[in-house]
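The file my_file35.txt contains compact mmCIF, C-alpha atoms:
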# COMPACT_ATOMS: atom_id res chain seq x y z
CA ASP A 6 -15.25 9.79 12.72
CA ARG A 7 -14.83 7.03 10.15
CA MET A 8 -14.14 7.59 6.46
CA GLU A 9 -13.93 5.05 3.65
CA GLN A 10 -12.69 5.86 0.16
CA GLU A 11 -11.32 4.03 -2.84
CA VAL A 12 -7.58 4.35 -3.36
CA TRP A 13 -6.23 6.65 -6.07
CA VAL A 14 -3.97 4.29 -7.98
CA ASP A 15 -2.98 0.64 -7.96
CA THR A 16 -1.07 -1.72 -10.23
CA TYR A 17 1.30 -4.66 -10.01
CA ILE A 18 4.74 -5.40 -11.40
CA GLU A 19 6.30 -8.72 -12.32
CA LYS A 20 9.92 -9.63 -11.72
CA GLU A 21 12.16 -9.19 -14.76
CA SER A 22 9.22 -8.06 -16.89
CA SER A 23 8.88 -4.85 -18.89
CA ILE A 24 5.10 -5.25 -19.22
CA ASN A 25 2.77 -2.67 -17.65
CA TYR A 26 -0.25 -4.01 -15.75
CA GLY A 27 -1.91 -0.74 -14.78
CA SER A 28 -5.29 -1.45 -16.36
CA GLU A 29 -5.92 -5.01 -15.17
CA ASP A 30 -9.09 -6.10 -13.37
CA THR A 31 -6.99 -7.67 -10.62
CA ILE A 32 -3.66 -7.01 -8.92
CA ILE A 33 -1.41 -9.82 -7.71
CA VAL A 34 1.23 -10.21 -5.03
CA GLY A 35 3.33 -13.28 -4.29
CA LYS A 36 5.47 -15.92 -5.93
CA GLU A 37 4.62 -18.76 -8.27
CA LEU A 38 6.37 -21.26 -10.51
CA VAL A 39 6.15 -20.36 -14.18
CA THR A 40 7.17 -22.70 -16.99
CA TYR A 41 8.56 -21.20 -20.20
CA TYR A 42 8.12 -23.06 -23.47
CA VAL A 43 10.19 -23.03 -26.64
CA GLY A 44 8.52 -24.55 -29.67
CA GLY A 45 5.92 -26.23 -27.48
CA THR A 46 8.55 -27.86 -25.29
CA PRO A 47 9.14 -26.82 -21.64
CA SER A 48 12.54 -25.13 -21.48
CA ALA A 49 12.70 -23.74 -17.94
CA THR A 50 10.64 -23.36 -14.78
CA VAL A 51 11.36 -20.36 -12.59
CA ALA A 52 9.83 -18.78 -9.50
CA THR A 53 8.57 -15.37 -10.53
CA GLN A 54 7.54 -12.62 -8.12
CA TYR A 55 4.72 -10.11 -8.18
CA ARG A 56 4.49 -6.85 -6.22
CA ILE A 57 1.61 -4.43 -5.81
CA LEU A 58 1.98 -0.65 -5.87
CA ILE A 59 -0.88 1.28 -4.33
CA ARG A 60 -1.39 4.97 -3.57
CA PRO A 61 -4.25 6.23 -1.37
CA ASN A 62 -5.87 9.65 -1.45
CA LEU A 63 -4.91 11.51 1.73
CA THR A 64 -5.97 15.05 0.80
CA ASP A 65 -9.52 14.93 2.14
CA ILE A 66 -8.74 13.74 5.66
CA SER A 67 -9.48 16.12 8.53
CA GLY A 68 -8.93 15.70 12.24
CA VAL A 69 -6.39 13.58 14.08
CA VAL A 70 -5.80 10.17 12.50
CA THR A 71 -6.14 7.40 15.04
CA SER A 72 -6.29 4.47 12.62
CA ALA A 73 -5.80 3.86 8.90
CA LYS A 74 -6.25 0.50 7.23
CA LEU A 75 -5.87 -0.61 3.65
CA VAL A 76 -8.65 -3.08 2.82
CA LEU A 77 -8.22 -5.46 -0.12
CA THR A 78 -10.75 -8.00 -1.38
CA ILE A 79 -9.51 -11.40 -2.55
CA ALA A 80 -10.36 -12.44 -6.11
CA LYS A 81 -8.37 -15.69 -5.95
CA ALA A 82 -5.83 -17.24 -3.58
CA ASP A 83 -3.14 -19.84 -4.21
CA PRO A 84 -4.77 -23.24 -3.57
CA ASP A 85 -1.49 -24.86 -2.48
CA HIS A 86 0.51 -22.31 -0.50
CA ASP A 87 0.00 -19.69 2.19
CA THR A 88 1.03 -16.17 1.22
CA LEU A 89 2.71 -13.69 3.56
CA ILE A 90 2.16 -10.10 2.42
CA GLN A 91 4.28 -7.22 3.76
CA ALA A 92 3.64 -3.48 3.33
CA TYR A 93 6.37 -0.81 3.07
CA PRO A 94 6.31 2.89 2.09
CA LEU A 95 7.66 3.73 -1.35
CA THR A 96 10.49 6.27 -1.51
CA ALA A 97 9.97 7.30 -5.15
CA SER A 98 6.91 8.16 -7.21
CA PHE A 99 5.46 5.95 -9.94
CA ASP A 100 3.17 6.41 -12.93
CA GLU A 101 0.45 3.76 -13.14
CA SER A 102 0.45 3.93 -16.95
CA TRP A 103 4.17 3.23 -17.33
CA VAL A 104 5.53 1.51 -14.23
CA THR A 105 7.30 -1.85 -14.61
CA TRP A 106 9.87 -3.87 -12.67
CA TYR A 107 12.58 -1.65 -14.16
CA TYR A 108 10.94 1.76 -14.70
CA ARG A 109 8.83 3.86 -12.33
CA ASP A 110 7.49 6.09 -15.12
CA SER A 111 8.02 6.64 -18.84
CA SER A 112 11.68 7.61 -18.54
CA ASN A 113 13.02 7.14 -14.99
CA ARG A 114 14.32 3.83 -13.72
CA TRP A 115 13.89 2.59 -10.17
CA SER A 116 17.11 2.95 -8.19
CA THR A 117 16.56 -0.67 -7.21
CA GLU A 118 14.78 -2.97 -9.64
CA GLY A 119 11.36 -3.96 -8.38
CA GLY A 120 10.65 -0.66 -6.63
CA ASP A 121 12.30 1.78 -4.23
CA TYR A 122 10.97 1.43 -0.68
CA ASN A 123 12.01 1.97 2.92
CA SER A 124 12.92 -1.54 4.03
CA SER A 125 13.37 -0.38 7.63
CA MET A 126 9.74 0.74 7.93
CA LEU A 127 7.56 -2.36 7.84
CA LEU A 128 4.03 -1.00 8.14
CA ASP A 129 2.23 -4.31 8.57
CA GLU A 130 2.10 -7.89 7.35
CA VAL A 131 -0.69 -10.41 6.97
CA LEU A 132 -0.83 -14.11 6.10
CA VAL A 133 -3.41 -15.29 3.57
CA GLU A 134 -4.00 -19.01 3.99
CA LYS A 135 -4.02 -21.29 0.97
CA GLY A 136 -7.38 -21.73 -0.67
CA THR A 137 -8.94 -18.68 1.00
CA SER A 138 -12.34 -18.09 -0.60
CA PRO A 139 -12.88 -15.19 -3.02
CA GLY A 140 -14.70 -12.23 -1.55
CA GLN A 141 -12.92 -12.29 1.78
CA THR A 142 -10.94 -9.22 2.76
CA ILE A 143 -7.61 -8.52 4.39
CA GLU A 144 -6.60 -5.41 6.32
CA LEU A 145 -3.15 -3.86 6.41
CA ASP A 146 -2.51 -1.29 9.11
CA VAL A 147 -0.96 1.77 7.43
CA THR A 148 -1.60 4.23 10.26
CA GLU A 149 2.05 5.23 10.60
CA TYR A 150 2.30 5.89 6.88
CA VAL A 151 -0.75 8.14 6.83
CA LYS A 152 0.44 10.05 9.91
CA ALA A 153 3.93 10.51 8.48
CA VAL A 154 2.56 11.87 5.19
CA ARG A 155 0.19 14.28 6.92
CA GLN A 156 2.97 15.51 9.20
CA GLY A 157 5.18 16.16 6.17
CA LYS A 158 7.81 13.63 7.22
CA ILE A 159 7.45 11.66 3.98
CA LYS A 160 5.70 12.17 0.65
CA ASN A 161 2.68 10.21 -0.49
CA TYR A 162 4.55 8.15 -3.07
CA GLY A 163 2.47 5.13 -2.16
CA ILE A 164 2.82 1.72 -0.56
CA ILE A 165 4.40 -1.43 -1.97
CA LEU A 166 3.12 -4.89 -1.09
CA LEU A 167 5.77 -7.61 -1.18
CA PRO A 168 5.61 -11.37 -0.75
CA GLY A 169 7.41 -12.80 2.25
CA PRO A 170 9.46 -16.02 2.15
CA THR A 171 6.40 -18.12 1.33
CA LYS A 172 5.71 -19.38 -2.21
CA GLY A 173 2.07 -18.43 -2.44
CA TRP A 174 0.25 -15.72 -4.37
CA VAL A 175 -3.01 -13.81 -4.02
CA LYS A 176 -5.06 -11.86 -6.55
CA PHE A 177 -7.10 -8.89 -5.34
CA TYR A 178 -9.68 -6.80 -7.14
CA SER A 179 -8.16 -3.58 -8.49
CA THR A 180 -9.45 -0.03 -8.84
CA GLU A 181 -10.33 -0.94 -12.44
CA SER A 182 -12.44 -3.89 -11.35
CA SER A 183 -16.01 -4.20 -12.62
CA ASN A 184 -16.86 -5.25 -9.05
CA PRO A 185 -17.06 -1.88 -7.23
CA ARG A 186 -17.57 -3.50 -3.82
CA GLY A 187 -14.27 -5.32 -4.18
CA ARG A 188 -12.09 -2.36 -5.11
CA PRO A 189 -9.27 -1.46 -2.68
CA LYS A 190 -10.15 1.17 -0.12
CA LEU A 191 -8.62 3.10 2.71
CA VAL A 192 -10.56 3.16 5.98
CA VAL A 193 -9.54 6.02 8.25
CA GLU A 194 -10.71 6.80 11.77
CA THR A 195 -10.13 10.25 13.19
CA SER A 196 -10.83 12.27 16.30
CA PRO A 197 -11.56 16.03 16.41
CA LEU A 198 -8.69 18.49 16.72
CA GLY A 199 -10.06 19.71 20.03
CA GLY A 200 -11.06 23.19 21.07
CA ILE A 201 -13.54 24.42 23.62
CA GLY A 202 -14.28 21.47 25.83
CA GLY A 203 -11.90 19.26 23.81
CA ALA A 204 -8.50 17.86 24.61
CA ILE A 205 -5.30 18.85 22.85
CA PRO A 206 -4.25 15.88 20.70
CA PRO A 207 -0.85 14.27 21.32
CA PRO A 208 1.98 15.80 19.20
CA ALA A 209 2.67 12.47 17.46
CA THR A 210 -0.75 12.57 15.81
CA GLN A 211 -0.79 16.19 14.67
CA PRO A 212 -2.04 16.89 11.14
CA PRO A 213 0.22 19.10 9.01
CA PHE A 214 -2.29 21.85 8.32
CA GLY A 215 -4.46 23.89 10.64
CA GLY A 216 -3.14 22.29 13.80
CA TRP A 217 -0.15 21.92 16.05
CA THR A 218 3.08 20.68 14.51
CA GLY A 219 5.02 19.75 17.61
CA PRO A 220 4.92 19.49 21.38
CA VAL A 221 2.78 22.10 23.09
CA THR A 222 4.23 23.93 26.10
CA PRO A 223 1.45 25.74 27.99
CA ASN A 224 2.05 29.20 29.48
CA ILE A 225 1.12 29.27 33.16
CA TRP A 226 0.78 32.45 35.23
CA TYR A 227 0.64 32.48 39.01
CA VAL A 228 -1.30 35.38 40.49
CA SER A 229 -1.31 36.41 44.15
CA VAL A 230 -4.30 38.27 45.51
What's the structure tokens form of this structure?
Amino acid sequence: DRMEQEVWVDTYIEKESSINYGSEDTIIVGKELVTYYVGGTPSATVATQYRILIRPNLTDISGVVTSAKLVLTIAKADPDHDTLIQAYPLTASFDESWVTWYYRDSSNRWSTEGGDYNSSMLLDEVLVEKGTSPGQTIELDVTEYVKAVRQGKIKNYGIILLPGPTKGWVKFYSTESSNPRGRPKLVVETSPLGGIGGAIPPPATQPPFGGWTGPVTPNIWYVSV
């Protein structure tokens, strides 16, 4: 079975900024040079960084997850630089209405500025080439994240998208976008749990509810007649 649904929440944060961007039409990830002015005169040019926080809805999934992909639609891509985007699972919750580079909600700071995430669990990465046309999509494989959440190994705090070592940036349509076809979505493929005439799914893909939670050891009886 294949299921597509819009993600629950998405926003972006900007390095060393206390501004909240939870209601923007687009979300941005990457790096770009920004020039600051004082009295109309350029005072400094720095490379700022943008990160995307995104949380999918995983409560309505049934069956054994075989594939889960986060699909984002490009609104605008850096015309001069390629952009490498990496996806990691967040290790702390965030509030879309309050989150910034420093705070994850109205009162709690991130343990590490810019977001708390599991740096040892790279879910996927994709390179967006410079000048990529608006309307094209990218896919990030988040199968292991979805499986881990459903198995109760981690909580659904969400996924953070970081820029790699490249300088580029990409803007994607957000959940608040007036373009519904461009909004981020999660595409999940599942197989049945099994039963009469069906195979027992491998333990690594077990859902947390209504199914097996670990390896299955069959009971075998030998009868002599």
Point to revise | Radius query 6 Å about (-7.3, 4.1, 9.6), atoms used: all atoms listed in the file, as a PyMOL selection string | key: chain A and resi 72-74+148+192-194
Practice item. Name the residues in contact with Gly120 (chain A) at a cut-off of 12 Å, using all atoms listed in the file, excluding same-chain residues fewer than 2 positions from it; report them as a ChimeraX atom specification. Key: /A:17-21,55-59,93-99,104-110,113-118,122-124,162-167
Exercise for review: Could you check how far CA of Thr46 (chain A) sits from CA of Ile33 (chain A), in Å to one decimal?
Suggested key: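 Computing the Euclidean distance for CA of Thr46 (chain A) and CA of Ile33 (chain A) yields 27.1 Å.
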Check your understanding: Quick one, how far is CA of Thr142 (chain A) from CA of Ser179 (chain A)?
Key -> 12.9 Å
Study note, to complete from the structure: In Å and to one decimal, CA of Arg60 (chain A) is distant from CA of Pro185 (chain A) by 17.5 Å
Some atoms are missing, so please complete region 67-78 of chain A with N, CA and C atoms and return it as a PDB file, in the coordinates of the input.
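As a result, rebuild_34.pdb now contains:
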ATOM      1  N   SER A  67      -9.547  15.056   7.541  1.00  0.00           N
ATOM      2  CA  SER A  67      -9.480  16.120   8.530  1.00  0.00           C
ATOM      3  C   SER A  67      -9.527  15.510   9.922  1.00  0.00           C
ATOM      4  N   GLY A  68      -8.975  16.234  10.888  1.00  0.00           N
ATOM      5  CA  GLY A  68      -8.930  15.700  12.240  1.00  0.00           C
ATOM      6  C   GLY A  68      -7.643  14.945  12.497  1.00  0.00           C
ATOM      7  N   VAL A  69      -7.564  14.334  13.655  1.00  0.00           N
ATOM      8  CA  VAL A  69      -6.390  13.580  14.080  1.00  0.00           C
ATOM      9  C   VAL A  69      -6.578  12.115  13.723  1.00  0.00           C
ATOM     10  N   VAL A  70      -5.690  11.575  12.922  1.00  0.00           N
ATOM     11  CA  VAL A  70      -5.800  10.170  12.500  1.00  0.00           C
ATOM     12  C   VAL A  70      -5.454   9.248  13.659  1.00  0.00           C
ATOM     13  N   THR A  71      -6.385   8.390  13.994  1.00  0.00           N
ATOM     14  CA  THR A  71      -6.140   7.400  15.040  1.00  0.00           C
ATOM     15  C   THR A  71      -5.939   6.002  14.472  1.00  0.00           C
ATOM     16  N   SER A  72      -6.438   5.774  13.248  1.00  0.00           N
ATOM     17  CA  SER A  72      -6.290   4.470  12.620  1.00  0.00           C
ATOM     18  C   SER A  72      -6.468   4.610  11.108  1.00  0.00           C
ATOM     19  N   ALA A  73      -5.664   3.888  10.353  1.00  0.00           N
ATOM     20  CA  ALA A  73      -5.800   3.860   8.900  1.00  0.00           C
ATOM     21  C   ALA A  73      -5.486   2.456   8.408  1.00  0.00           C
ATOM     22  N   LYS A  74      -6.430   1.874   7.697  1.00  0.00           N
ATOM     23  CA  LYS A  74      -6.250   0.500   7.230  1.00  0.00           C
ATOM     24  C   LYS A  74      -6.554   0.390   5.746  1.00  0.00           C
ATOM     25  N   LEU A  75      -5.684  -0.319   5.055  1.00  0.00           N
ATOM     26  CA  LEU A  75      -5.870  -0.610   3.650  1.00  0.00           C
ATOM     27  C   LEU A  75      -6.636  -1.929   3.556  1.00  0.00           C
ATOM     28  N   VAL A  76      -7.790  -1.903   2.905  1.00  0.00           N
ATOM     29  CA  VAL A  76      -8.650  -3.080   2.820  1.00  0.00           C
ATOM     30  C   VAL A  76      -8.670  -3.588   1.387  1.00  0.00           C
ATOM     31  N   LEU A  77      -8.263  -4.838   1.194  1.00  0.00           N
ATOM     32  CA  LEU A  77      -8.220  -5.460  -0.120  1.00  0.00           C
ATOM     33  C   LEU A  77      -9.127  -6.684  -0.133  1.00  0.00           C
ATOM     34  N   THR A  78      -9.825  -6.873  -1.246  1.00  0.00           N
ATOM     35  CA  THR A  78     -10.750  -8.000  -1.380  1.00  0.00           C
ATOM     36  C   THR A  78     -10.149  -9.066  -2.289  1.00  0.00           C
TER      37      THR A  78
END
